[in-house]
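The structure file structure_24.csv is reproduced below (CSV, C-alpha atoms).
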chain,number,residue,atom,x,y,z
L,1,MET,CA,85.7,9.3,94.7
L,2,ALA,CA,86.7,11.3,91.6
L,3,ASP,CA,90.0,13.0,91.5
L,4,HIS,CA,89.6,16.7,92.0
L,5,PHE,CA,91.7,19.5,90.6
L,6,ASP,CA,91.3,23.2,91.1
L,7,ILE,CA,92.0,23.9,87.4
L,8,VAL,CA,92.0,21.6,84.4
L,9,ILE,CA,93.4,22.8,81.1
L,10,ALA,CA,92.0,20.8,78.1
L,11,GLY,CA,94.4,21.2,75.3
L,12,GLY,CA,98.2,21.0,75.4
L,13,GLY,CA,99.1,23.1,72.4
L,14,MET,CA,101.3,26.2,72.8
L,15,VAL,CA,98.4,28.2,74.3
L,16,GLY,CA,97.5,25.5,76.8
L,17,VAL,CA,101.1,24.8,77.8
L,18,SER,CA,101.8,28.6,78.1
L,19,LEU,CA,98.8,28.9,80.4
L,20,ALA,CA,99.9,26.0,82.5
L,21,LEU,CA,103.3,27.6,82.9
L,22,GLN,CA,101.7,31.0,83.8
L,23,LEU,CA,99.3,29.6,86.3
L,24,GLY,CA,102.0,27.4,87.9
L,25,ALA,CA,104.1,30.6,88.3
L,26,VAL,CA,101.5,32.9,89.7
L,27,LEU,CA,99.1,30.7,91.7
L,28,PRO,CA,99.7,29.4,95.3
L,29,SER,CA,101.5,26.0,95.4
L,30,GLN,CA,98.4,24.4,97.0
L,31,THR,CA,96.3,25.2,93.9
L,32,SER,CA,96.2,21.9,91.9
L,33,ILE,CA,96.5,22.2,88.1
L,34,LEU,CA,96.1,19.4,85.5
L,35,LEU,CA,96.9,19.7,81.8
L,36,VAL,CA,95.2,17.2,79.5
L,37,GLU,CA,96.4,16.6,75.9
L,38,GLY,CA,95.1,14.2,73.3
L,39,PHE,CA,98.4,13.6,71.5
L,40,PRO,CA,101.5,12.1,73.2
L,41,MET,CA,103.6,14.9,74.6
L,42,PRO,CA,107.4,14.7,74.6
L,43,ALA,CA,108.9,13.0,77.7
L,44,ALA,CA,111.0,14.9,80.1
L,45,LEU,CA,114.7,15.1,79.0
L,46,GLU,CA,117.7,14.7,81.3
L,47,GLY,CA,119.7,17.9,81.0
L,48,ASP,CA,119.3,20.4,78.2
L,49,LEU,CA,117.3,20.2,75.0
L,50,PRO,CA,119.2,18.7,72.0
L,51,ASP,CA,121.2,21.0,69.7
L,52,TYR,CA,119.0,23.2,67.4
L,53,HIS,CA,119.0,22.2,63.8
L,54,PRO,CA,116.5,24.3,61.8
L,55,ALA,CA,114.5,22.5,59.2
L,56,PHE,CA,113.8,24.3,55.9
L,57,ASP,CA,110.1,23.3,55.9
L,58,ALA,CA,109.3,23.9,59.5
L,59,ARG,CA,106.2,25.9,60.3
L,60,SER,CA,106.7,29.0,62.4
L,61,THR,CA,105.0,31.5,64.7
L,62,ALA,CA,105.6,35.3,64.9
L,63,LEU,CA,105.9,36.5,68.5
L,64,SER,CA,105.2,40.2,69.1
L,65,TYR,CA,107.2,42.3,71.5
L,66,SER,CA,104.4,42.0,74.1
L,67,SER,CA,104.7,38.2,73.9
L,68,ARG,CA,108.4,38.5,74.7
L,69,LEU,CA,107.5,40.5,77.9
L,70,ILE,CA,105.0,37.8,78.9
L,71,TYR,CA,107.4,35.0,78.4
L,72,GLU,CA,110.1,36.9,80.3
L,73,GLN,CA,107.7,37.2,83.2
L,74,MET,CA,107.1,33.4,83.0
L,75,GLN,CA,110.9,33.0,83.1
L,76,VAL,CA,110.9,30.9,79.9
L,77,TRP,CA,112.3,33.5,77.4
L,78,ASP,CA,115.9,32.5,77.9
L,79,ASP,CA,114.9,28.9,76.9
L,80,LEU,CA,113.5,30.2,73.6
L,81,ARG,CA,116.2,32.7,72.8
L,82,GLN,CA,118.5,30.5,70.7
L,83,TRP,CA,115.6,29.5,68.3
L,84,LEU,CA,114.4,33.1,67.6
L,85,CYS,CA,115.0,35.2,64.5
L,86,ALA,CA,114.5,38.8,65.5
L,87,ILE,CA,112.3,41.1,63.4
L,88,GLU,CA,114.3,44.3,63.4
L,89,SER,CA,112.2,46.1,60.8
L,90,ILE,CA,108.9,45.7,59.0
L,91,HIS,CA,108.4,47.0,55.5
L,92,VAL,CA,104.7,47.7,54.6
L,93,SER,CA,103.7,48.4,51.1
L,94,SER,CA,100.8,48.2,48.6
L,95,ARG,CA,101.5,46.6,45.2
L,96,GLY,CA,101.1,49.1,42.4
L,97,HIS,CA,100.8,52.1,44.7
L,98,PHE,CA,103.2,54.7,46.1
L,99,GLY,CA,102.4,54.3,49.8
L,100,SER,CA,104.8,52.4,51.9
L,101,THR,CA,106.6,52.7,55.3
L,102,LEU,CA,109.4,51.1,57.1
L,103,LEU,CA,109.0,50.4,60.9
L,104,ARG,CA,112.3,50.0,62.8
L,105,ALA,CA,112.8,48.6,66.3
L,106,SER,CA,115.8,50.9,66.8
L,107,ASP,CA,113.4,53.9,66.5
L,108,HIS,CA,111.6,52.8,69.6
L,109,ASP,CA,114.6,51.6,71.7
L,110,TRP,CA,113.5,48.0,71.5
L,111,PRO,CA,115.8,45.0,70.7
L,112,ALA,CA,113.2,43.9,68.1
L,113,LEU,CA,109.7,44.5,66.9
L,114,GLY,CA,109.0,40.8,67.2
L,115,TYR,CA,110.5,37.3,66.7
L,116,VAL,CA,109.9,34.3,64.5
L,117,VAL,CA,110.3,30.8,66.0
L,118,GLU,CA,109.8,27.3,64.7
L,119,ASN,CA,106.7,25.8,66.3
L,120,THR,CA,108.3,22.4,67.0
L,121,TRP,CA,111.2,23.9,68.9
L,122,MET,CA,109.1,26.4,70.8
L,123,GLY,CA,106.6,23.7,71.8
L,124,ASN,CA,109.4,21.4,73.0
L,125,ALA,CA,111.1,24.2,75.0
L,126,LEU,CA,107.8,25.1,76.8
L,127,ILE,CA,106.9,21.4,77.5
L,128,GLN,CA,110.4,20.8,78.9
L,129,GLN,CA,110.0,23.8,81.2
L,130,LEU,CA,106.7,22.3,82.3
L,131,HIS,CA,108.4,19.0,83.1
L,132,ARG,CA,111.3,20.6,84.9
L,133,ARG,CA,109.1,22.8,87.2
L,134,GLY,CA,106.9,19.8,88.2
L,135,ARG,CA,104.2,22.2,89.2
L,136,VAL,CA,101.5,21.0,86.9
L,137,GLN,CA,100.3,17.5,86.4
L,138,VAL,CA,100.1,16.2,82.8
L,139,ARG,CA,97.9,13.5,81.4
L,140,SER,CA,98.9,12.6,77.8
L,141,PRO,CA,97.6,11.1,75.7
L,142,ALA,CA,94.2,11.7,77.2
L,143,LYS,CA,91.2,13.8,76.2
L,144,VAL,CA,88.3,15.5,78.0
L,145,VAL,CA,85.2,14.2,76.2
L,146,GLY,CA,82.4,15.1,78.6
L,147,VAL,CA,81.6,18.1,80.7
L,148,MET,CA,78.8,18.6,83.2
L,149,PRO,CA,78.2,21.4,85.7
L,150,ALA,CA,78.8,20.2,89.3
L,151,GLY,CA,78.3,22.7,92.1
L,152,ALA,CA,80.6,25.7,91.7
L,153,GLY,CA,82.7,23.8,89.1
L,154,VAL,CA,82.4,20.9,86.6
L,155,SER,CA,82.6,17.2,86.3
L,156,LEU,CA,84.8,15.9,83.5
L,157,GLN,CA,84.8,12.6,81.7
L,158,LEU,CA,88.1,11.4,80.1
L,159,GLU,CA,88.3,9.4,76.8
L,160,ASP,CA,90.5,6.7,78.3
L,161,GLY,CA,87.7,5.5,80.6
L,162,GLU,CA,89.4,6.5,83.8
L,163,ALA,CA,87.2,7.6,86.7
L,164,ASN,CA,85.7,11.0,86.2
L,165,ILE,CA,87.6,14.0,87.5
L,166,SER,CA,86.1,17.2,88.9
L,167,ALA,CA,87.5,20.7,88.5
L,168,GLY,CA,86.8,24.1,90.0
L,169,LEU,CA,87.6,25.6,86.6
L,170,LEU,CA,87.9,24.0,83.1
L,171,VAL,CA,89.9,26.0,80.6
L,172,VAL,CA,88.9,25.0,77.0
L,173,ALA,CA,91.9,25.4,74.8
L,174,ASP,CA,91.5,22.7,72.2
L,175,GLY,CA,91.6,24.7,69.0
L,176,ALA,CA,89.4,26.6,66.5
L,177,SER,CA,87.3,23.4,65.9
L,178,SER,CA,86.8,22.8,69.6
L,179,ARG,CA,84.7,19.8,70.4
L,180,LEU,CA,84.4,20.8,74.0
L,181,ARG,CA,83.1,24.2,73.1
L,182,GLU,CA,80.5,22.5,70.9
L,183,GLN,CA,79.6,20.0,73.7
L,184,LEU,CA,79.1,22.9,76.1
L,185,GLY,CA,76.6,24.4,73.7
L,186,VAL,CA,78.7,27.5,73.2
L,187,ALA,CA,77.8,29.0,69.7
L,188,VAL,CA,80.4,30.5,67.4
L,189,ASN,CA,80.1,33.4,65.0
L,190,GLU,CA,82.0,32.6,61.8
L,191,LYS,CA,82.8,35.0,59.0
L,192,PRO,CA,84.3,33.2,56.0
L,193,TYR,CA,86.7,35.4,54.1
L,194,ARG,CA,86.3,33.4,50.9
L,195,GLN,CA,90.1,33.3,50.7
L,196,HIS,CA,92.8,30.7,51.4
L,197,ALA,CA,96.2,31.1,53.0
L,198,LEU,CA,99.0,29.5,51.1
L,199,VAL,CA,102.0,28.9,53.4
L,200,ALA,CA,105.5,27.7,52.6
L,201,ASN,CA,109.1,28.6,53.4
L,202,VAL,CA,111.2,30.2,50.6
L,203,SER,CA,114.7,31.2,50.1
L,204,PHE,CA,116.1,34.3,48.3
L,205,ALA,CA,119.5,35.2,46.8
L,206,GLU,CA,120.0,38.1,49.3
L,207,PRO,CA,119.8,38.2,53.1
L,208,HIS,CA,116.6,39.5,54.8
L,209,ARG,CA,118.6,41.3,57.5
L,210,GLY,CA,115.8,40.7,60.0
L,211,CYS,CA,113.2,42.5,57.9
L,212,ALA,CA,109.6,41.3,57.6
L,213,TYR,CA,107.5,42.3,54.6
L,214,GLU,CA,103.8,42.9,54.6
L,215,ARG,CA,102.8,43.5,51.0
L,216,PHE,CA,99.1,44.2,50.1
L,217,THR,CA,97.9,43.1,46.7
L,218,ASP,CA,94.6,43.1,44.8
L,219,GLU,CA,94.3,39.4,45.6
L,220,GLY,CA,95.1,39.7,49.3
L,221,PRO,CA,98.1,40.4,51.7
L,222,LEU,CA,101.4,38.7,51.2
L,223,ALA,CA,103.7,38.4,54.3
L,224,LEU,CA,107.3,37.2,54.4
L,225,LEU,CA,108.8,36.7,57.9
L,226,PRO,CA,112.6,36.3,58.5
L,227,LEU,CA,113.8,32.9,59.6
L,228,LEU,CA,117.1,31.5,60.8
L,229,PRO,CA,119.2,29.7,58.2
L,230,ALA,CA,118.6,26.0,57.8
L,231,ALA,CA,121.0,23.3,56.6
L,232,GLY,CA,122.2,24.3,53.1
L,233,VAL,CA,119.7,27.3,53.0
L,234,GLU,CA,121.2,30.6,54.0
L,235,HIS,CA,118.4,33.2,53.3
L,236,ARG,CA,115.2,31.7,54.5
L,237,SER,CA,111.8,33.4,55.0
L,238,ALA,CA,108.3,32.1,55.9
L,239,LEU,CA,105.6,33.0,53.4
L,240,VAL,CA,101.9,33.6,54.2
L,241,TRP,CA,100.1,34.4,51.0
L,242,THR,CA,96.3,35.2,51.0
L,243,LEU,CA,94.6,34.3,47.8
L,244,PRO,CA,91.3,33.4,46.2
L,245,PRO,CA,90.7,29.7,46.8
L,246,ALA,CA,91.1,28.5,43.2
L,247,ARG,CA,94.3,30.6,42.8
L,248,ALA,CA,95.7,29.3,46.1
L,249,HIS,CA,95.0,25.7,45.0
L,250,HIS,CA,96.6,26.1,41.7
L,251,LEU,CA,99.8,27.7,43.2
L,252,ARG,CA,100.0,24.9,45.7
L,253,GLU,CA,99.9,22.2,43.0
L,254,CYS,CA,101.8,23.9,40.1
L,255,PRO,CA,105.4,23.2,39.2
L,256,THR,CA,108.1,24.9,41.3
L,257,ALA,CA,109.3,27.2,38.5
L,258,GLU,CA,105.8,28.5,37.9
L,259,PHE,CA,105.2,29.2,41.6
L,260,LEU,CA,108.5,31.0,42.0
L,261,GLN,CA,107.8,33.2,39.0
L,262,ALA,CA,104.3,34.1,40.3
L,263,LEU,CA,105.6,35.0,43.7
L,264,GLN,CA,108.5,37.0,42.3
L,265,GLN,CA,106.0,39.0,40.2
L,266,ARG,CA,103.9,39.7,43.3
L,267,PHE,CA,106.7,40.5,45.7
L,268,GLY,CA,109.4,42.0,43.5
L,269,TYR,CA,113.1,41.9,43.9
L,270,ARG,CA,113.7,43.5,47.3
L,271,LEU,CA,115.5,40.3,48.4
L,272,GLY,CA,116.9,39.4,44.9
L,273,ARG,CA,115.9,36.3,43.0
L,274,LEU,CA,113.8,33.6,44.6
L,275,LEU,CA,115.8,30.4,44.7
L,276,GLN,CA,113.7,27.7,46.4
L,277,VAL,CA,110.3,26.9,47.9
L,278,GLY,CA,109.6,24.1,50.3
L,279,GLU,CA,106.4,22.2,51.0
L,280,ARG,CA,103.3,24.2,50.2
L,281,HIS,CA,100.1,24.1,52.2
L,282,GLU,CA,96.8,25.9,52.0
L,283,TYR,CA,93.8,26.4,54.4
L,284,PRO,CA,90.6,28.4,54.2
L,285,LEU,CA,90.4,31.6,56.2
L,286,SER,CA,87.6,32.6,58.5
L,287,LEU,CA,87.1,34.9,61.5
L,288,VAL,CA,85.8,32.6,64.2
L,289,GLN,CA,84.6,34.0,67.6
L,290,SER,CA,83.1,32.2,70.5
L,291,SER,CA,79.7,33.7,71.6
L,292,GLU,CA,80.8,33.0,75.2
L,293,GLN,CA,84.2,33.0,76.7
L,294,VAL,CA,83.3,32.5,80.4
L,295,ARG,CA,80.6,30.9,82.4
L,296,GLN,CA,80.5,29.4,85.9
L,297,GLY,CA,83.5,27.0,86.1
L,298,VAL,CA,84.5,27.4,82.4
L,299,VAL,CA,86.8,29.7,80.3
L,300,VAL,CA,87.3,29.4,76.5
L,301,MET,CA,90.7,30.5,75.3
L,302,GLY,CA,93.0,30.6,72.3
L,303,ASN,CA,91.7,29.7,68.9
L,304,ALA,CA,88.6,28.2,70.6
L,305,ALA,CA,87.8,31.7,71.7
L,306,HIS,CA,89.0,33.7,68.6
L,307,ALA,CA,90.6,32.5,65.4
L,308,LEU,CA,91.8,35.5,63.3
L,309,HIS,CA,92.9,36.3,59.8
L,310,PRO,CA,96.7,35.8,59.7
L,311,VAL,CA,97.5,39.4,58.6
L,312,ALA,CA,100.1,40.9,61.0
L,313,GLY,CA,100.3,37.6,62.9
L,314,GLN,CA,98.0,38.8,65.7
L,315,GLY,CA,96.1,35.7,66.7
L,316,TYR,CA,98.7,33.8,68.9
L,317,ASN,CA,99.9,37.0,70.5
L,318,LEU,CA,96.4,38.0,71.5
L,319,ALA,CA,96.0,34.5,73.0
L,320,LEU,CA,99.1,35.0,75.1
L,321,ARG,CA,97.9,38.4,76.4
L,322,ASP,CA,94.7,36.5,77.4
L,323,VAL,CA,96.9,34.0,79.2
L,324,ALA,CA,98.7,36.7,81.1
L,325,ALA,CA,95.4,38.4,82.0
L,326,LEU,CA,93.6,35.3,83.2
L,327,GLY,CA,96.6,34.4,85.4
L,328,GLY,CA,96.6,37.8,87.0
L,329,VAL,CA,92.8,37.7,87.7
L,330,LEU,CA,92.9,34.2,89.1
L,331,ALA,CA,95.9,35.1,91.3
L,332,GLU,CA,94.1,38.1,92.7
L,333,GLY,CA,90.9,36.1,93.3
L,334,ILE,CA,92.4,33.1,94.9
L,335,ALA,CA,94.5,35.3,97.2
L,336,ALA,CA,91.1,36.8,98.3
L,337,GLY,CA,89.6,33.4,98.9
L,338,VAL,CA,87.5,33.1,95.8
L,339,VAL,CA,87.2,29.7,94.1
L,340,PRO,CA,88.8,29.4,90.6
L,341,GLY,CA,85.5,28.9,88.8
L,342,ASP,CA,83.7,31.9,90.3
L,343,LEU,CA,81.6,33.6,87.5
L,344,ALA,CA,82.1,37.1,88.8
L,345,MET,CA,85.9,36.7,88.8
L,346,LEU,CA,85.9,35.2,85.3
L,347,GLN,CA,83.7,38.0,84.1
L,348,ARG,CA,86.3,40.4,85.5
L,349,TYR,CA,88.9,38.7,83.3
L,350,GLN,CA,86.7,39.0,80.3
L,351,ARG,CA,86.1,42.7,80.9
L,352,ARG,CA,89.9,43.2,81.3
L,353,GLN,CA,90.6,41.7,77.9
L,354,GLN,CA,87.5,43.0,76.1
L,355,HIS,CA,89.0,46.1,74.7
L,356,ASP,CA,92.3,44.4,73.6
L,357,GLN,CA,90.3,41.6,71.9
L,358,ARG,CA,87.9,43.9,70.1
L,359,ARG,CA,90.6,46.2,68.9
L,360,THR,CA,92.9,43.3,67.7
L,361,ILE,CA,90.1,41.4,66.0
L,362,GLN,CA,88.9,44.5,64.2
L,363,PHE,CA,92.4,45.3,63.0
L,364,SER,CA,92.9,41.8,61.6
L,365,ASP,CA,89.5,41.8,60.0
L,366,ARG,CA,89.5,45.2,58.4
L,367,VAL,CA,93.0,45.8,57.2
L,368,PRO,CA,93.0,43.1,54.4
L,369,ALA,CA,89.7,44.4,53.1
L,370,LEU,CA,90.9,48.0,53.1
L,371,PHE,CA,93.9,47.2,51.0
L,372,MET,CA,91.9,45.1,48.5
L,373,HIS,CA,89.4,47.8,48.0
L,374,THR,CA,89.4,49.1,44.4
L,375,ASP,CA,87.8,52.5,45.0
L,376,PRO,CA,90.5,55.1,43.7
L,377,LEU,CA,89.7,57.7,46.3
L,378,LEU,CA,90.0,55.2,49.1
L,379,GLY,CA,93.2,53.9,47.6
L,380,LEU,CA,94.7,57.4,47.5
L,381,GLY,CA,93.8,57.9,51.1
L,382,ARG,CA,95.2,54.6,52.1
L,383,ASP,CA,98.5,55.3,50.3
L,384,LEU,CA,98.7,58.8,51.8
L,385,ALA,CA,98.2,57.2,55.3
L,386,LEU,CA,101.0,54.7,54.7
L,387,ALA,CA,103.4,57.4,53.4
L,388,GLY,CA,102.3,59.8,56.2
L,389,LEU,CA,103.6,57.4,58.9
L,390,ASP,CA,107.1,58.3,57.8
L,391,ILE,CA,106.5,62.1,58.2
L,392,MET,CA,104.5,61.9,61.5
L,393,PRO,CA,106.7,60.3,64.1
L,394,GLY,CA,104.1,60.3,66.9
L,395,LEU,CA,101.5,58.5,64.7
L,396,LYS,CA,104.1,56.0,63.5
L,397,ARG,CA,105.3,55.3,67.1
L,398,GLU,CA,101.7,54.6,68.2
L,399,PHE,CA,101.1,52.4,65.1
L,400,VAL,CA,104.2,50.3,66.0
L,401,ARG,CA,103.1,50.0,69.7
L,402,TYR,CA,99.7,48.9,68.4
L,403,ALA,CA,101.1,46.3,66.0
L,404,ALA,CA,103.6,45.0,68.7
L,405,GLY,CA,100.7,44.4,71.1
L,406,VAL,CA,101.9,46.8,73.8
L,407,ALA,CA,99.5,49.7,73.4
L,408,GLY,CA,97.1,49.5,76.3
L,409,SER,CA,97.4,45.8,76.7
L,410,SER,CA,96.8,45.2,80.4
L,411,GLY,CA,99.9,46.9,81.6
L,412,GLN,CA,102.2,44.9,79.4
L,413,ALA,CA,103.8,47.9,77.8
L,414,SER,CA,106.4,48.5,80.5
L,415,GLY,CA,109.9,47.5,79.8

Go through the file and emit its structure as structure tokens.
Amino acid sequence: MADHFDIVIAGGGMVGVSLALQLGAVLPSQTSILLVEGFPMPAALEGDLPDYHPAFDARSTALSYSSRLIYEQMQVWDDLRQWLCAIESIHVSSRGHFGSTLLRASDHDWPALGYVVENTWMGNALIQQLHRRGRVQVRSPAKVVGVMPAGAGVSLQLEDGEANISAGLLVVADGASSRLREQLGVAVNEKPYRQHALVANVSFAEPHRGCAYERFTDEGPLALLPLLPAAGVEHRSALVWTLPPARAHHLRECPTAEFLQALQQRFGYRLGRLLQVGERHEYPLSLVQSSEQVRQGVVVMGNAAHALHPVAGQGYNLALRDVAALGGVLAEGIAAGVVPGDLAMLQRYQRRQQHDQRRTIQFSDRVPALFMHTDPLLGLGRDLALAGLDIMPGLKREFVRYAAGVAGSSGQASG
């Protein structure tokens, strides 16, 4: 007899673990949940996590204010707090144009507009919470490699050759290049941007004071996110620089002095002189959207459902809002006696998130193109719009709520 679980989550990245924590918190204790991850996950630790030592080259994620509210509801925010660098303000500008604006958390009575956290530490904190709560079973390293419909749910084959397991609901959360999505025959719509993202951590002579910078250039947007200091590096920021592929490749491979000079020319001296750059990485950019997100017994989530342009850091935060919405819909349905894989219930989740997803995807898709457009009249209108945010407080407040992910996002705006 195959093992049966009410819900199986395939993918133990930050989205998959966050969903496991959310479902474990909101679903009845008799609802069985399994998380399957292909890479070995950290073992449970006795006591607290080890002391935090930021690494200069660590990759990071920007969490919006809406993500803070979601993690507070999961009761994991306190575990993340010591590893966060608060974004107290965001400076938005267009290189070579007069339009700019400064968005401040203090203007909206928020502790921060968002937060930047190193992925390794965030992932470890979430996984240790999962271990401590003991609510969700974890199989790692293991991988779901086969899916077949089975009654109201699905039958799953694991890579390690164990007996098949069955599930009332399979959540596919194994990334933008999801093999499970492909095996299920779910098509994707992909829009290549013909640009690459160049990512690295850099240090400046002057402190960032919790300010993030979004600078739009004729080559593409350039973002700098504030980071906590690392050993021997006081003023550290995370760079995401969108560039034509050949230019990105050249800047990834060129000598350090040439890179720093090119970045200084593009960004300017708002933080003084650039001192250091760490490991440089690049990757191609595309908008990837799954043609289906729900079917009987299946939900596609995270980057498997929608992988976005990195401008404004919206992708992970949208996925977290999906996590919160799915947890709420499943809790309501299961309380009413509905099985987890019920199609009508899953379609209710999709309808609930449809507006948020469409709005966020359009924002991330259109903004880079708007600022790269060379039409002078469009450029003037764009600059006036940026400058106008500073003289129209109501419009500016709504823009900040939109960027922070709390404007109309499934009731997450309270707090």

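Distances to His208 in chain L were evaluated for L:Tyr65, L:Trp77, L:Tyr269, L:Phe39 using only C-alpha atoms, and the minimum falls at L:Tyr269.
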
Worksheet item: What does the distance between CA of Ile90 in chain L and CA of Leu102 in chain L come to in Å, to one decimal place?
Response: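 Value for the CA of Ile90 in chain L-CA of Leu102 in chain L distance: 5.7 Å.
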
Worksheet item: Could you name the residues that touch Leu84 in chain L at 10 Å or less, counting all atoms listed in the file, but leaving out those on the same chain fewer than 2 positions away, as an NGL selection string?
Response: :L and (61-63 or 80-82 or 86-87 or 114-118 or 121-122 or 226-228)

Deliver the residues from the most recent selection as a file, using C-alpha atoms, as a PDB file, in the coordinates of the input.
ATOM      1  CA  THR L  61     105.000  31.500  64.700  1.00  0.00           C
ATOM      2  CA  ALA L  62     105.600  35.300  64.900  1.00  0.00           C
ATOM      3  CA  LEU L  63     105.900  36.500  68.500  1.00  0.00           C
ATOM      4  CA  LEU L  80     113.500  30.200  73.600  1.00  0.00           C
ATOM      5  CA  ARG L  81     116.200  32.700  72.800  1.00  0.00           C
ATOM      6  CA  GLN L  82     118.500  30.500  70.700  1.00  0.00           C
ATOM      7  CA  ALA L  86     114.500  38.800  65.500  1.00  0.00           C
ATOM      8  CA  ILE L  87     112.300  41.100  63.400  1.00  0.00           C
ATOM      9  CA  GLY L 114     109.000  40.800  67.200  1.00  0.00           C
ATOM     10  CA  TYR L 115     110.500  37.300  66.700  1.00  0.00           C
ATOM     11  CA  VAL L 116     109.900  34.300  64.500  1.00  0.00           C
ATOM     12  CA  VAL L 117     110.300  30.800  66.000  1.00  0.00           C
ATOM     13  CA  GLU L 118     109.800  27.300  64.700  1.00  0.00           C
ATOM     14  CA  TRP L 121     111.200  23.900  68.900  1.00  0.00           C
ATOM     15  CA  MET L 122     109.100  26.400  70.800  1.00  0.00           C
ATOM     16  CA  PRO L 226     112.600  36.300  58.500  1.00  0.00           C
ATOM     17  CA  LEU L 227     113.800  32.900  59.600  1.00  0.00           C
ATOM     18  CA  LEU L 228     117.100  31.500  60.800  1.00  0.00           C
TER      19      LEU L 228
END

Discussion item. My list of candidates is L:Glu332, L:Asp342, L:Glu279, L:Asp79. Which is closest to Ala58 in chain L when distances are computed with only C-alpha atoms?
Written reply: L:Glu279

Practice prompt. Mind checking which residues fall within 9 Å of Pro192 in chain L, counting only C-alpha atoms, ignoring those fewer than 4 positions away in the same chain, and posting them as a VMD selection string?
Written response: chain L and resid 284 to 288

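Among the candidates L:Leu45, L:Ala238, L:Val199, L:Ala230, the residue lying nearest to Tyr283 in chain L is L:Val199 (atoms considered: all atoms listed in the file).
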
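The two atoms in question, CA of Ile33 in chain L and CA of Val136 in chain L, are spaced 5.3 Å apart.
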
Discussion item. What's around Gly168 in chain L at 9 Å? Count all atoms listed in the file, leave out sequence neighbours fewer than 3 positions away in its own chain, and write the answer as a PyMOL selection string.
Written reply: chain L and resi 4-8+150-155+297-298+339-342

Fill in: Atomic separation - CA of His249 in chain L relative to CA of Leu198 in chain L, Å
8.2 Å

Discussion item. Could you check the closest approach to Pro141 in chain L for each of L:Glu292, L:Glu72, L:Glu214, L:Glu37 and tell me which residue wins, using all atoms listed in the file?
Written reply: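 Of L:Glu292, L:Glu72, L:Glu214, L:Glu37, the one nearest Pro141 in chain L is L:Glu37, counting all atoms listed in the file.
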
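Proximity of L:Leu274, L:Val186, L:Ala223, L:Ile70 to Val311 in chain L, computed with all atoms listed in the file, is greatest for L:Ala223.
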
Worksheet item: Between L:His131, L:His306, L:Arg270, L:Arg179, which is the closest to Ala43 in chain L once you count all atoms listed in the file?
Response: L:His131

N, CA, C and O atoms restored at range 202-211 of chain L, emitted as a PDB file, keeping the file's coordinate frame:
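result-v1.pdb was written with the following content:
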ATOM      1  N   VAL L 202     110.470  29.868  51.857  1.00  0.00           N
ATOM      2  CA  VAL L 202     111.200  30.200  50.600  1.00  0.00           C
ATOM      3  C   VAL L 202     112.553  30.687  50.916  1.00  0.00           C
ATOM      4  O   VAL L 202     112.854  31.103  52.041  1.00  0.00           O
ATOM      5  N   SER L 203     113.408  30.647  49.893  1.00  0.00           N
ATOM      6  CA  SER L 203     114.700  31.200  50.100  1.00  0.00           C
ATOM      7  C   SER L 203     115.018  32.197  48.911  1.00  0.00           C
ATOM      8  O   SER L 203     114.527  32.027  47.790  1.00  0.00           O
ATOM      9  N   PHE L 204     115.799  33.222  49.231  1.00  0.00           N
ATOM     10  CA  PHE L 204     116.100  34.300  48.300  1.00  0.00           C
ATOM     11  C   PHE L 204     117.654  34.327  48.097  1.00  0.00           C
ATOM     12  O   PHE L 204     118.421  33.777  48.898  1.00  0.00           O
ATOM     13  N   ALA L 205     118.061  35.062  47.068  1.00  0.00           N
ATOM     14  CA  ALA L 205     119.500  35.200  46.800  1.00  0.00           C
ATOM     15  C   ALA L 205     120.159  36.148  47.802  1.00  0.00           C
ATOM     16  O   ALA L 205     121.354  36.030  48.076  1.00  0.00           O
ATOM     17  N   GLU L 206     119.388  37.087  48.369  1.00  0.00           N
ATOM     18  CA  GLU L 206     120.000  38.100  49.300  1.00  0.00           C
ATOM     19  C   GLU L 206     119.442  37.930  50.678  1.00  0.00           C
ATOM     20  O   GLU L 206     118.326  37.439  50.872  1.00  0.00           O
ATOM     21  N   PRO L 207     120.205  38.356  51.689  1.00  0.00           N
ATOM     22  CA  PRO L 207     119.800  38.200  53.100  1.00  0.00           C
ATOM     23  C   PRO L 207     118.613  39.112  53.433  1.00  0.00           C
ATOM     24  O   PRO L 207     118.501  40.230  52.912  1.00  0.00           O
ATOM     25  N   HIS L 208     117.748  38.646  54.340  1.00  0.00           N
ATOM     26  CA  HIS L 208     116.600  39.500  54.800  1.00  0.00           C
ATOM     27  C   HIS L 208     116.977  40.507  55.803  1.00  0.00           C
ATOM     28  O   HIS L 208     116.246  41.464  56.009  1.00  0.00           O
ATOM     29  N   ARG L 209     118.118  40.346  56.462  1.00  0.00           N
ATOM     30  CA  ARG L 209     118.600  41.300  57.500  1.00  0.00           C
ATOM     31  C   ARG L 209     117.568  41.602  58.531  1.00  0.00           C
ATOM     32  O   ARG L 209     117.427  42.733  59.001  1.00  0.00           O
ATOM     33  N   GLY L 210     116.813  40.577  58.905  1.00  0.00           N
ATOM     34  CA  GLY L 210     115.800  40.700  60.000  1.00  0.00           C
ATOM     35  C   GLY L 210     114.624  41.570  59.593  1.00  0.00           C
ATOM     36  O   GLY L 210     113.906  42.047  60.477  1.00  0.00           O
ATOM     37  N   CYS L 211     114.363  41.728  58.304  1.00  0.00           N
ATOM     38  CA  CYS L 211     113.200  42.500  57.900  1.00  0.00           C
ATOM     39  C   CYS L 211     112.056  41.635  57.488  1.00  0.00           C
ATOM     40  O   CYS L 211     112.217  40.669  56.736  1.00  0.00           O
TER      41      CYS L 211
END
